[in-house]
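Data from coords_30.tsv: TSV, C-alpha atoms and all ligand atoms
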```tsv
chain	number	residue	atom	x	y	z
A	53	MET	CA	3.35	-1.11	-23.90
A	54	SER	CA	0.25	-3.08	-23.27
A	55	GLN	CA	-0.33	-3.18	-19.56
A	56	THR	CA	-2.27	-6.38	-19.84
A	57	LYS	CA	0.56	-8.07	-21.70
A	58	TRP	CA	3.05	-7.02	-19.05
A	59	TYR	CA	0.77	-8.08	-16.24
A	60	LYS	CA	0.57	-11.61	-17.64
A	61	ARG	CA	4.25	-11.99	-16.87
A	62	GLY	CA	3.31	-13.19	-13.40
A	63	ASN	CA	2.41	-16.86	-13.45
A	64	LYS	CA	-1.16	-17.24	-12.31
A	65	THR	CA	-1.61	-19.94	-9.78
A	66	ASN	CA	-4.06	-22.43	-11.20
A	67	ASP	CA	-7.52	-22.06	-9.74
A	68	VAL	CA	-6.45	-22.08	-6.10
A	69	ASP	CA	-8.78	-20.92	-3.40
A	70	GLN	CA	-7.67	-17.34	-2.60
A	71	ALA	CA	-7.87	-17.79	1.18
A	72	ASP	CA	-6.16	-21.15	1.02
A	73	TYR	CA	-3.32	-19.67	-1.02
A	74	LEU	CA	-2.46	-17.26	1.82
A	75	ASN	CA	-2.86	-20.01	4.42
A	76	LYS	CA	-0.16	-22.00	2.69
A	77	GLU	CA	2.14	-19.14	1.68
A	78	PHE	CA	2.14	-17.63	5.17
A	79	GLN	CA	1.37	-20.61	7.37
A	80	ILE	CA	-1.52	-18.86	9.07
A	81	THR	CA	-2.44	-20.71	12.25
A	82	GLU	CA	-5.81	-21.22	13.91
A	83	LYS	CA	-4.80	-18.73	16.59
A	84	PHE	CA	-4.76	-15.93	14.04
A	85	GLU	CA	-6.90	-12.93	15.05
A	86	ARG	CA	-8.06	-9.92	13.09
A	87	PHE	CA	-5.94	-6.82	13.59
A	88	ASP	CA	-7.23	-4.11	15.90
A	89	GLN	CA	-6.90	-0.77	14.10
A	90	LYS	CA	-6.05	0.88	17.42
A	91	ASN	CA	-2.65	-0.85	17.28
A	92	ASP	CA	-1.66	0.53	13.91
A	93	ILE	CA	1.47	2.62	14.59
A	94	PHE	CA	-0.17	5.90	13.50
A	95	ASN	CA	-3.14	5.29	15.78
A	96	ARG	CA	-0.85	4.12	18.56
A	97	ALA	CA	0.83	7.51	18.36
A	98	MET	CA	-2.51	8.95	19.60
A	99	TRP	CA	-2.77	6.88	22.76
A	100	ASP	CA	0.51	5.11	23.53
A	101	GLU	CA	3.01	7.29	25.38
A	102	THR	CA	5.92	5.15	24.19
A	103	ILE	CA	5.23	6.39	20.63
A	104	ASN	CA	5.99	10.09	20.61
A	105	PRO	CA	5.11	11.68	17.24
A	106	LYS	CA	6.65	15.03	18.26
A	107	LYS	CA	6.07	17.37	15.28
A	108	PHE	CA	5.44	14.64	12.69
A	109	PHE	CA	1.70	15.28	12.25
A	110	THR	CA	1.91	19.07	12.68
A	111	SER	CA	4.49	19.23	9.88
A	112	TYR	CA	1.61	18.44	7.50
A	113	ASP	CA	0.08	21.80	8.50
A	114	ILE	CA	2.60	24.37	7.34
A	115	ALA	CA	0.76	27.18	9.12
A	116	ASN	CA	2.07	25.66	12.34
A	117	PHE	CA	5.41	24.29	11.22
A	118	ALA	CA	8.68	26.02	10.40
A	119	PRO	CA	10.79	24.01	7.91
A	120	LYS	CA	14.57	24.12	8.18
A	121	LYS	CA	16.89	25.21	5.39
A	122	SER	CA	18.41	21.83	4.54
A	123	LYS	CA	17.96	20.52	0.99
A	124	GLY	CA	14.96	18.23	0.67
A	125	PHE	CA	13.49	19.56	3.93
A	126	ASP	CA	13.16	23.28	3.24
A	127	HIS	CA	10.10	25.45	2.80
A	128	TRP	CA	9.73	24.54	-0.90
A	129	ASP	CA	9.82	20.83	-0.07
A	130	PHE	CA	7.30	20.93	2.78
A	131	ALA	CA	5.03	23.30	0.81
A	132	PHE	CA	5.08	20.83	-2.11
A	133	ARG	CA	4.61	17.73	0.02
A	134	ASN	CA	1.77	19.23	2.02
A	135	ALA	CA	0.06	20.41	-1.16
A	136	SER	CA	0.22	16.85	-2.50
A	137	TRP	CA	-1.68	15.72	0.60
A	138	HIS	CA	-4.13	18.63	0.64
A	139	LEU	CA	-7.23	17.09	-0.94
A	140	THR	CA	-6.72	13.76	0.82
A	141	ASP	CA	-6.58	15.61	4.15
A	142	VAL	CA	-9.47	18.00	3.50
A	143	VAL	CA	-11.81	15.30	2.15
A	144	GLY	CA	-10.69	12.79	4.78
A	145	GLU	CA	-11.24	15.13	7.72
A	146	TYR	CA	-14.47	16.84	6.71
A	147	LYS	CA	-16.36	14.81	9.29
A	148	TYR	CA	-13.65	14.90	11.93
A	149	GLU	CA	-15.20	17.61	14.08
A	150	SER	CA	-18.77	16.30	13.80
A	151	GLU	CA	-18.18	12.53	13.86
A	152	GLY	CA	-14.51	12.05	14.74
A	153	LYS	CA	-13.79	10.36	11.41
A	154	VAL	CA	-10.60	10.40	9.36
A	155	GLU	CA	-11.93	8.97	6.12
A	156	GLY	CA	-9.38	7.02	4.12
A	157	PHE	CA	-7.31	6.26	7.23
A	158	THR	CA	-9.58	5.19	10.08
A	159	ASP	CA	-12.97	5.22	8.36
A	160	TYR	CA	-14.18	4.47	4.87
A	161	TYR	CA	-15.42	7.32	2.68
A	162	SER	CA	-18.95	8.67	2.83
A	163	VAL	CA	-18.92	11.20	-0.01
A	164	GLN	CA	-21.04	9.17	-2.44
A	165	THR	CA	-24.40	10.47	-3.58
A	166	ALA	CA	-27.44	8.24	-4.10
A	167	GLY	CA	-27.27	5.98	-7.13
A	168	SER	CA	-29.88	4.25	-9.21
A	169	PRO	CA	-32.76	3.01	-6.99
A	170	SER	CA	-32.84	-0.35	-8.78
A	171	PRO	CA	-29.86	-2.40	-9.89
A	172	LEU	CA	-29.11	-2.60	-13.57
A	173	ALA	CA	-29.83	-6.06	-15.03
A	174	LEU	CA	-26.38	-7.52	-15.72
A	175	GLU	CA	-26.05	-9.96	-18.57
A	176	SER	CA	-22.64	-11.36	-17.85
A	177	THR	CA	-20.27	-11.33	-14.86
A	178	THR	CA	-17.32	-11.47	-17.24
A	179	GLU	CA	-18.45	-8.35	-19.06
A	180	THR	CA	-19.30	-6.55	-15.80
A	181	THR	CA	-15.82	-7.30	-14.47
A	182	ARG	CA	-14.21	-6.11	-17.69
A	183	ARG	CA	-16.11	-2.82	-17.59
A	184	ILE	CA	-15.38	-2.25	-13.89
A	185	LYS	CA	-11.65	-2.79	-14.52
A	186	LEU	CA	-11.77	-0.57	-17.58
A	187	ALA	CA	-13.41	2.21	-15.55
A	188	ALA	CA	-10.90	1.77	-12.69
A	189	GLY	CA	-8.08	2.20	-15.20
A	190	MET	CA	-9.67	5.38	-16.52
A	191	PHE	CA	-9.97	6.70	-12.96
A	192	GLY	CA	-6.22	6.21	-12.39
A	193	SER	CA	-5.66	2.61	-11.33
A	194	GLY	CA	-2.52	1.06	-12.81
A	195	MET	CA	-3.63	-2.52	-12.15
A	196	THR	CA	-6.99	-3.72	-10.87
A	197	GLY	CA	-7.88	-7.09	-9.38
A	198	VAL	CA	-10.84	-8.66	-7.62
A	199	CYS	CA	-10.98	-10.97	-4.62
A	200	GLU	CA	-13.72	-12.25	-2.40
A	201	ILE	CA	-13.64	-10.38	0.88
A	202	ASP	CA	-11.65	-12.48	3.32
A	203	ASN	CA	-12.86	-11.31	6.70
A	204	ARG	CA	-9.50	-12.02	8.33
A	205	TRP	CA	-8.14	-8.83	6.75
A	206	ILE	CA	-10.98	-6.60	7.96
A	207	TYR	CA	-9.98	-4.79	11.16
A	208	SER	CA	-11.60	-6.18	14.29
A	209	HIS	CA	-12.25	-2.67	15.60
A	210	ASN	CA	-12.56	0.82	14.28
A	211	TYR	CA	-10.56	3.45	16.20
A	212	SER	CA	-11.54	7.10	16.55
A	213	ARG	CA	-8.55	9.41	16.88
A	214	LYS	CA	-10.85	12.09	18.26
A	215	THR	CA	-12.61	10.17	21.02
A	216	GLN	CA	-9.93	7.47	21.33
A	217	GLN	CA	-12.75	4.92	21.45
A	218	SER	CA	-12.68	1.56	19.66
A	219	THR	CA	-15.84	0.00	18.28
A	220	PRO	CA	-16.26	-3.46	16.71
A	221	LEU	CA	-16.05	-3.26	12.94
A	222	ASP	CA	-17.92	-5.27	10.37
A	223	LEU	CA	-18.65	-4.39	6.79
A	224	PRO	CA	-22.30	-3.84	5.88
A	225	LYS	CA	-24.06	-7.12	5.08
A	226	GLY	CA	-24.00	-8.26	1.47
A	227	MET	CA	-20.54	-6.91	0.63
A	228	LYS	CA	-18.89	-9.80	-1.16
A	229	TYR	CA	-15.97	-8.52	-3.22
A	230	ALA	CA	-12.99	-6.22	-2.85
A	231	ILE	CA	-11.88	-4.47	-6.02
A	232	VAL	CA	-8.23	-3.69	-5.35
A	233	MET	CA	-6.45	-0.95	-7.28
A	234	ILE	CA	-2.74	-0.36	-7.62
A	235	ILE	CA	-1.80	3.30	-7.70
A	236	PRO	CA	1.64	3.83	-9.25
A	237	GLN	CA	3.84	6.45	-7.64
A	238	ASP	CA	6.14	8.76	-9.57
A	239	HIS	CA	9.40	6.93	-10.18
A	240	GLY	CA	11.64	10.01	-10.34
A	241	LEU	CA	10.24	11.58	-7.18
A	242	SER	CA	10.49	8.29	-5.30
A	243	LYS	CA	14.21	8.20	-6.11
A	244	THR	CA	14.67	11.11	-3.67
A	245	TYR	CA	13.46	9.19	-0.58
A	246	PRO	CA	13.97	10.07	2.21
A	247	ALA	CA	13.03	13.75	2.15
A	248	ALA	CA	10.02	15.98	2.64
A	249	LEU	CA	10.23	16.34	-1.14
A	250	SER	CA	9.75	12.61	-1.72
A	251	GLY	CA	6.85	12.64	0.72
A	252	ALA	CA	5.04	14.26	-2.21
A	253	SER	CA	5.31	10.95	-4.06
A	254	THR	CA	3.37	9.36	-1.20
A	255	GLY	CA	0.90	12.25	-1.04
A	256	LEU	CA	0.23	12.16	-4.77
A	257	GLY	CA	-0.27	8.39	-4.56
A	258	TYR	CA	-2.92	8.82	-1.87
A	259	GLY	CA	-4.56	11.66	-3.81
A	260	THR	CA	-4.92	9.42	-6.86
A	261	GLY	CA	-6.10	6.56	-4.64
A	262	LEU	CA	-8.78	8.81	-3.14
A	263	HIS	CA	-9.96	9.73	-6.63
A	264	CYS	CA	-9.86	6.16	-7.92
A	265	ALA	CA	-11.68	4.57	-5.01
A	266	ASN	CA	-14.39	7.21	-4.74
A	267	THR	CA	-15.12	7.52	-8.45
A	268	LEU	CA	-15.24	3.75	-8.90
A	269	ALA	CA	-17.56	3.42	-5.88
A	270	GLN	CA	-19.80	6.14	-7.32
A	271	PHE	CA	-19.82	4.37	-10.71
A	272	ILE	CA	-20.99	1.13	-9.08
A	273	THR	CA	-23.54	3.02	-6.99
A	274	ASN	CA	-24.84	4.69	-10.14
A	275	LEU	CA	-25.42	1.19	-11.58
A	276	GLY	CA	-27.66	0.49	-8.58
A	277	PHE	CA	-25.32	-1.63	-6.45
A	278	ASN	CA	-23.62	-0.95	-3.13
A	279	ALA	CA	-20.00	0.13	-2.97
A	280	ILE	CA	-17.65	1.47	-0.30
A	281	ALA	CA	-14.49	3.43	-1.14
A	282	SER	CA	-11.48	2.79	1.08
A	283	LEU	CA	-7.76	3.57	1.32
A	284	ASN	CA	-5.89	2.41	4.46
A	285	ASP	CA	-9.04	2.27	6.61
A	286	THR	CA	-11.25	-0.74	7.34
A	287	GLY	CA	-8.95	-3.54	6.22
A	288	LEU	CA	-5.41	-4.55	5.37
A	289	ASN	CA	-4.63	-3.80	1.73
A	290	ILE	CA	-1.66	-6.07	1.11
A	291	PRO	CA	-3.27	-9.48	1.70
A	292	LEU	CA	-6.33	-8.40	-0.30
A	293	ALA	CA	-4.05	-7.28	-3.15
A	294	ILE	CA	-2.21	-10.62	-3.09
A	295	GLN	CA	-5.52	-12.48	-3.19
A	296	ALA	CA	-6.63	-10.26	-6.07
A	297	GLY	CA	-3.57	-11.34	-8.08
A	298	LEU	CA	-1.78	-8.00	-8.06
A	299	GLY	CA	1.61	-8.93	-6.63
A	300	GLU	CA	3.69	-10.74	-4.06
A	301	TYR	CA	4.93	-9.90	-0.57
A	302	GLY	CA	8.49	-8.63	-0.07
A	303	ARG	CA	10.95	-8.69	2.81
A	304	HIS	CA	10.25	-4.99	3.39
A	305	GLY	CA	6.65	-5.86	4.24
A	306	LEU	CA	5.31	-4.22	1.08
A	307	LEU	CA	3.48	-5.48	-1.98
A	308	ILE	CA	5.72	-5.96	-5.02
A	309	THR	CA	3.77	-5.70	-8.24
A	310	PRO	CA	4.97	-7.03	-11.61
A	311	ILE	CA	4.37	-3.71	-13.37
A	312	TYR	CA	5.45	-1.02	-10.90
A	313	GLY	CA	7.50	-2.98	-8.37
A	314	PRO	CA	6.92	-1.78	-4.79
A	315	ASN	CA	6.53	1.90	-5.76
A	316	VAL	CA	2.76	1.92	-5.32
A	317	ARG	CA	-0.14	2.75	-3.03
A	318	ILE	CA	-3.25	0.61	-2.79
A	319	ALA	CA	-6.90	1.64	-2.86
A	320	LYS	CA	-9.98	-0.57	-2.72
A	321	VAL	CA	-13.72	-0.69	-3.14
A	322	PHE	CA	-15.92	-3.16	-1.28
A	323	THR	CA	-19.02	-4.06	-3.25
A	324	ASP	CA	-21.90	-6.45	-3.86
A	325	ILE	CA	-21.95	-6.14	-7.66
A	326	PRO	CA	-21.39	-9.67	-9.07
A	327	LEU	CA	-17.80	-10.01	-10.30
A	328	GLU	CA	-15.29	-12.61	-11.41
A	329	ILE	CA	-12.38	-13.07	-9.02
A	330	ASP	CA	-8.69	-13.19	-9.94
A	331	GLN	CA	-6.02	-15.71	-9.03
A	332	PRO	CA	-2.90	-14.94	-6.97
A	333	ILE	CA	0.28	-14.62	-9.03
A	334	ASN	CA	3.85	-15.75	-8.56
A	335	PHE	CA	6.81	-14.17	-10.30
A	336	GLY	CA	9.65	-15.23	-8.02
A	337	VAL	CA	9.64	-12.47	-5.38
A	338	LYS	CA	10.01	-14.76	-2.37
A	339	GLU	CA	12.92	-16.60	-3.96
A	340	PHE	CA	14.57	-13.30	-4.86
A	341	CYS	CA	14.10	-11.84	-1.37
A	342	ASN	CA	15.80	-14.96	-0.01
A	343	ILE	CA	19.04	-13.95	-1.76
A	344	CYS	CA	18.64	-10.16	-1.38
A	345	GLN	CA	18.70	-8.02	1.74
A	346	LYS	CA	19.07	-4.60	0.18
A	347	CYS	CA	16.08	-3.15	2.03
A	348	ALA	CA	17.29	-4.53	5.37
A	349	ASP	CA	20.87	-3.38	4.77
A	350	ASN	CA	19.78	0.14	3.83
A	351	CYS	CA	17.12	0.71	6.48
A	352	PRO	CA	18.69	3.30	8.84
A	353	PRO	CA	16.92	2.12	12.05
A	354	ARG	CA	17.40	-1.57	11.14
A	355	ALA	CA	13.64	-2.16	11.18
A	356	ILE	CA	13.60	-4.81	8.41
A	357	PRO	CA	14.46	-8.41	9.32
A	358	LYS	CA	17.42	-10.13	7.68
A	359	GLY	CA	16.56	-13.70	8.58
A	360	GLU	CA	13.77	-16.09	7.74
A	361	PRO	CA	10.07	-15.15	8.01
A	362	GLN	CA	8.78	-15.42	11.60
A	363	ASP	CA	5.31	-15.88	13.09
A	364	THR	CA	5.98	-13.61	16.06
A	365	PRO	CA	6.09	-9.89	15.24
A	366	PRO	CA	8.54	-7.42	16.86
A	367	ASN	CA	5.62	-5.76	18.70
A	368	PHE	CA	1.82	-5.63	18.72
A	369	SER	CA	1.61	-3.17	15.81
A	370	SER	CA	1.76	-6.13	13.42
A	371	LEU	CA	-0.11	-9.39	12.87
A	372	SER	CA	0.68	-12.52	14.90
A	373	ASN	CA	0.31	-16.19	14.02
A	374	ILE	CA	1.19	-15.65	10.40
A	375	LYS	CA	4.69	-16.45	9.19
A	376	LYS	CA	6.18	-13.55	7.29
A	377	TRP	CA	8.85	-10.89	7.25
A	378	THR	CA	7.60	-8.13	9.52
A	379	VAL	CA	8.99	-4.61	9.77
A	380	ASP	CA	9.43	-3.22	13.27
A	381	ALA	CA	6.82	-0.48	12.95
A	382	LYS	CA	7.95	1.24	16.12
A	383	ARG	CA	11.54	1.64	14.93
A	384	CYS	CA	10.42	2.64	11.46
A	385	PHE	CA	8.03	5.33	12.68
A	386	LYS	CA	10.61	6.73	15.10
A	387	PHE	CA	12.87	7.33	12.11
A	388	TRP	CA	10.04	9.11	10.29
A	389	VAL	CA	9.41	11.29	13.33
A	390	GLY	CA	13.07	12.32	13.34
A	391	MET	CA	12.66	13.69	9.80
A	392	ASN	CA	9.04	14.89	10.04
A	393	THR	CA	8.27	12.95	6.90
A	394	ASP	CA	7.91	9.38	5.63
A	395	CYS	CA	10.97	7.42	4.60
A	396	ALA	CA	10.54	4.60	2.03
A	397	ILE	CA	14.26	4.04	1.44
A	398	CYS	CA	13.17	0.39	1.30
A	399	ILE	CA	11.09	1.17	-1.79
A	400	ARG	CA	13.91	3.16	-3.43
A	401	VAL	CA	16.61	0.50	-3.03
A	402	CYS	CA	14.48	-2.55	-3.84
A	403	PRO	CA	15.74	-4.14	-7.09
A	404	TYR	CA	12.11	-4.44	-8.19
A	405	ASN	CA	11.81	-0.65	-8.07
A	406	LYS	CA	12.45	0.04	-11.73
A	407	ASP	CA	10.94	1.99	-14.56
A	408	TYR	CA	9.40	-0.90	-16.48
A	409	THR	CA	8.66	1.19	-19.53
A	410	LYS	CA	12.35	0.48	-20.31
A	411	TRP	CA	12.90	-2.90	-22.02
A	412	TRP	CA	16.13	-3.68	-20.13
A	413	ASN	CA	14.27	-3.45	-16.82
A	414	ARG	CA	11.67	-5.84	-18.14
A	415	VAL	CA	14.48	-8.26	-18.97
A	416	GLY	CA	15.80	-7.77	-15.42
A	417	ILE	CA	12.54	-8.74	-13.75
A	418	ARG	CA	12.47	-11.89	-15.87
A	419	LEU	CA	15.99	-12.71	-14.73
A	420	ALA	CA	14.86	-12.26	-11.13
A	421	ASN	CA	12.35	-15.06	-11.64
A	422	GLY	CA	14.78	-17.83	-12.50
A	423	PRO	CA	18.21	-19.36	-11.96
A	424	LEU	CA	19.94	-16.11	-13.05
A	425	ARG	CA	18.51	-14.11	-10.13
A	426	LYS	CA	21.94	-13.70	-8.55
A	427	LEU	CA	23.13	-12.13	-11.79
A	428	MET	CA	20.17	-9.75	-11.69
A	429	LEU	CA	21.09	-8.75	-8.15
A	430	LYS	CA	24.69	-8.14	-9.23
A	431	LEU	CA	23.58	-6.07	-12.23
A	432	ASP	CA	21.36	-4.03	-9.94
A	433	GLU	CA	24.36	-3.24	-7.77
A	434	ILE	CA	26.64	-2.44	-10.71
A	435	GLY	CA	23.99	-0.19	-12.25
A	436	LYS	CA	23.50	1.62	-8.90
A	437	PHE	CA	19.77	1.59	-9.51
A	438	GLY	CA	18.89	2.15	-5.87
A	439	GLU	CA	21.00	5.29	-5.43
A	440	ARG	CA	19.32	8.36	-4.11
A	441	VAL	CA	18.73	11.34	-6.39
A	442	LEU	CA	19.49	14.46	-4.39
A	443	PRO	CA	16.44	16.67	-3.85
A	444	GLY	CA	18.32	19.71	-5.24
A	445	LYS	CA	18.94	17.77	-8.44
A	446	TRP	CA	15.27	16.80	-8.69
A	447	TRP	CA	14.17	20.43	-8.41
A	448	GLY	CA	16.81	21.31	-11.02
B	1	LIG	S1	10.39	3.16	5.61
B	1	LIG	FE1	12.57	3.60	6.05
B	1	LIG	S2	12.71	3.23	8.23
B	1	LIG	FE2	10.84	2.25	7.58
B	1	LIG	S3	11.37	0.14	7.09
B	1	LIG	FE3	11.54	1.29	5.17
B	1	LIG	S4	13.71	1.92	5.10
B	1	LIG	FE4	13.26	1.32	7.20
B	2	LIG	S1	15.13	-5.04	-1.40
B	2	LIG	FE1	15.53	-7.18	-1.90
B	2	LIG	S2	14.98	-8.31	-0.04
B	2	LIG	FE2	14.07	-6.29	0.12
B	2	LIG	S3	12.00	-6.57	-0.69
B	2	LIG	FE3	13.26	-5.84	-2.38
B	2	LIG	S4	13.94	-7.73	-3.40
B	2	LIG	FE4	13.17	-8.33	-1.38
```

For the structure just supplied, provide its representation as structure tokens.
Amino acid sequence: MSQTKWYKRGNKTNDVDQADYLNKEFQITEKFERFDQKNDIFNRAMWDETINPKKFFTSYDIANFAPKKSKGFDHWDFAFRNASWHLTDVVGEYKYESEGKVEGFTDYYSVQTAGSPSPLALESTTETTRRIKLAAGMFGSGMTGVCEIDNRWIYSHNYSRKTQQSTPLDLPKGMKYAIVMIIPQDHGLSKTYPAALSGASTGLGYGTGLHCANTLAQFITNLGFNAIASLNDTGLNIPLAIQAGLGEYGRHGLLITPIYGPNVRIAKVFTDIPLEIDQPINFGVKEFCNICQKCADNCPPRAIPKGEPQDTPPNFSSLSNIKKWTVDAKRCFKFWVGMNTDCAICIRVCPYNKDYTKWWNRVGIRLANGPLRKLMLKLDEIGKFGERVLPGKWWG
């Protein structure tokens, strides 16, 4: 299947200003302020006594963690999950002792080597963009889009988990574009959420994201331009991905892409190489979420809202003055802590979480974007698409 052909299924909005598109879609008010990284729930767990991570973080170091014997959470499962995270952790923490950095999560990467001292003369922005996207695809990106950097999504402060200090954050001058990459996660493994086993789907997604972002940044550096590789650090991925035309926002607070549904991670590269920007897309997600509450109904701690989008978040771990569905990060993380692994039931049960290499699923996503969306929801229920695959079965 041609990825490009499938991608075109989303209707491109016609030449709208990327920032203006989000203003209208999410009714962002003038009181909106950039998010302070310190308040991200994982960083909050480092300084806020009301967020007790217990053994959540230590479970990623099997030398200091004893798994239980239950299926999906036994020694095999934690060994596999932790291995999937290994390179992301080792590369990300190589400057932790010396500089207090967790690259990929609180700080952008610094593993690039020097590139060409003078920038290559570029003949055409269109051709440059095509080659950059081609390279990103070769490095592991499933979909790649470009937006102008909208400063609202860059964190106001950088937080050090080691020193617990916050410092104002601004990208180096001259950075103009974000190249946003969608990293597909393994569909079969993601069917086993929640389990330590399925945490490997997340870990593998981050590992590919690390590779994608750093190799693409090195490629651009080698051409003589500046580039910064980033995962969850530095700025919010979802609004940048929406601006870059890679998907829409779902009730579960995640990006829903037209090719992989919500079963993705996001990586990005900030750069000054001249590029053409993409347009946001619309393929009916908001309208579908309005008639579907599967994620909210299946979320064990009831962290996903059932009602209309709101501009006041459940707590300060989310953005204010922007009208959207917002997950209660505190409740969600508490559930993760109870299992010593991430959950993502909301990804598993989402009707957009399908294997789109199958033609009938491609028909389904078309149905979801039209008057037959209720039928699509019904078919999803009848087909039991969101059912969990037991970890023992996966290993089998
Ligand atoms: S990850 Fe799990 S706990 Fe968190 S919002 Fe999704 S379903 Fe709920
Ligand atoms: S499960 Fe339903 S309501 Fe939730 S994000 Fe997916 S489509 Fe939207």

Inset, instruction - Within 9 Å of ligand LIG 1 (chain B), which residues show up when you count only C-alpha atoms and all ligand atoms? List them as a VMD selection string, please. - result: chain A and resid 245 to 246 304 to 305 347 to 356 379 to 381 383 to 388 394 to 401

Inset, instruction - Extract, using only C-alpha atoms, all DNA, RNA and protein residues at most 9 Å from His209 (chain A), discarding same-chain residues fewer than 3 positions from it, and format them as a PyMOL selection string. - result: chain A and resi 86-90+206+218-222+286

Restricting the output to C-alpha atoms, write the selected residues as a compact mmCIF listing (two decimals), in the frame of the given file.
```txt
# COMPACT_ATOMS: atom_id res chain seq x y z
CA ARG A 86 -8.06 -9.92 13.09
CA PHE A 87 -5.94 -6.82 13.59
CA ASP A 88 -7.23 -4.11 15.90
CA GLN A 89 -6.90 -0.77 14.10
CA LYS A 90 -6.05 0.88 17.42
CA ILE A 206 -10.98 -6.60 7.96
CA SER A 218 -12.68 1.56 19.66
CA THR A 219 -15.84 0.00 18.28
CA PRO A 220 -16.26 -3.46 16.71
CA LEU A 221 -16.05 -3.26 12.94
CA ASP A 222 -17.92 -5.27 10.37
CA THR A 286 -11.25 -0.74 7.34
```

Quick one: residues within 6 Å of Ile234 (chain A), all atoms listed in the file counted, chain neighbours fewer than 5 positions away excluded, as a compact mmCIF listing (two decimals) with C-alpha atoms, in the coordinates of the input?
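The new file part.txt reads:
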```
# COMPACT_ATOMS: atom_id res chain seq x y z
CA SER A 193 -5.66 2.61 -11.33
CA GLY A 194 -2.52 1.06 -12.81
CA MET A 195 -3.63 -2.52 -12.15
CA ILE A 318 -3.25 0.61 -2.79
```

Counting all atoms listed in the file, what are the residues of chain A within 6 Å of ligand LIG 2 (chain B), and for each of them which pair of atoms is the nearest and at what distance in Å, to one decimal? Sort the table by chain and rising number, as a Markdown table.
```
| residue | atom | partner | partner_atom | distance |
| --- | --- | --- | --- | --- |
| A:Gly302 | CA | B:LIG2 | S3 | 4.1 |
| A:Arg303 | CA | B:LIG2 | S3 | 4.2 |
| A:His304 | CA | B:LIG2 | S3 | 4.7 |
| A:Phe340 | CA | B:LIG2 | S4 | 5.8 |
| A:Cys341 | CA | B:LIG2 | FE4 | 3.6 |
| A:Cys344 | CA | B:LIG2 | S2 | 4.3 |
| A:Gln345 | CA | B:LIG2 | S2 | 4.1 |
| A:Lys346 | CA | B:LIG2 | S1 | 4.3 |
| A:Cys347 | CA | B:LIG2 | S1 | 4.0 |
| A:Val401 | CA | B:LIG2 | S1 | 6.0 |
| A:Cys402 | CA | B:LIG2 | S1 | 3.5 |
| A:Pro403 | CA | B:LIG2 | S4 | 5.5 |
```

Inset, instruction - Choose the residue, out of A:Glu433, A:Glu360, A:Asp113, A:Asp92, that has the smallest atom-to-atom separation from Thr158 (chain A); count all atoms listed in the file. - result: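 With all atoms listed in the file as the atom set, the closest residue is A:Asp92.
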
Inset, instruction - Go through A:Arg440, A:Lys185, A:His127, A:Lys382 one by one, measure the shortest atom-to-atom distance of each to Asn367 (chain A) using all atoms listed in the file, and give the residue with the smallest value. - result: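 Among A:Arg440, A:Lys185, A:His127, A:Lys382, it is A:Lys382 that comes nearest to Asn367 (chain A).
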
Legend entry - Selected residue of minimal separation from Tyr301 (chain A) among A:Leu442, A:Leu186, A:Leu74, A:Ile417, counting only C-alpha atoms: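 Checking each of A:Leu442, A:Leu186, A:Leu74, A:Ile417 against Tyr301 (chain A), counting only C-alpha atoms, the winner is A:Leu74.
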
Legend entry - Given all atoms listed in the file as the counted atoms, nearest of A:Arg425, A:Arg204, A:Lys76, A:Arg182 to Phe335 (chain A):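 Nearest candidate to Phe335 (chain A) out of A:Arg425, A:Arg204, A:Lys76, A:Arg182: A:Arg425.
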
Inset, instruction - Enter the distance from CA of Ser250 (chain A) to CA of Trp411 (chain A), in Å, rounded to one decimal. - result: 25.7 Å
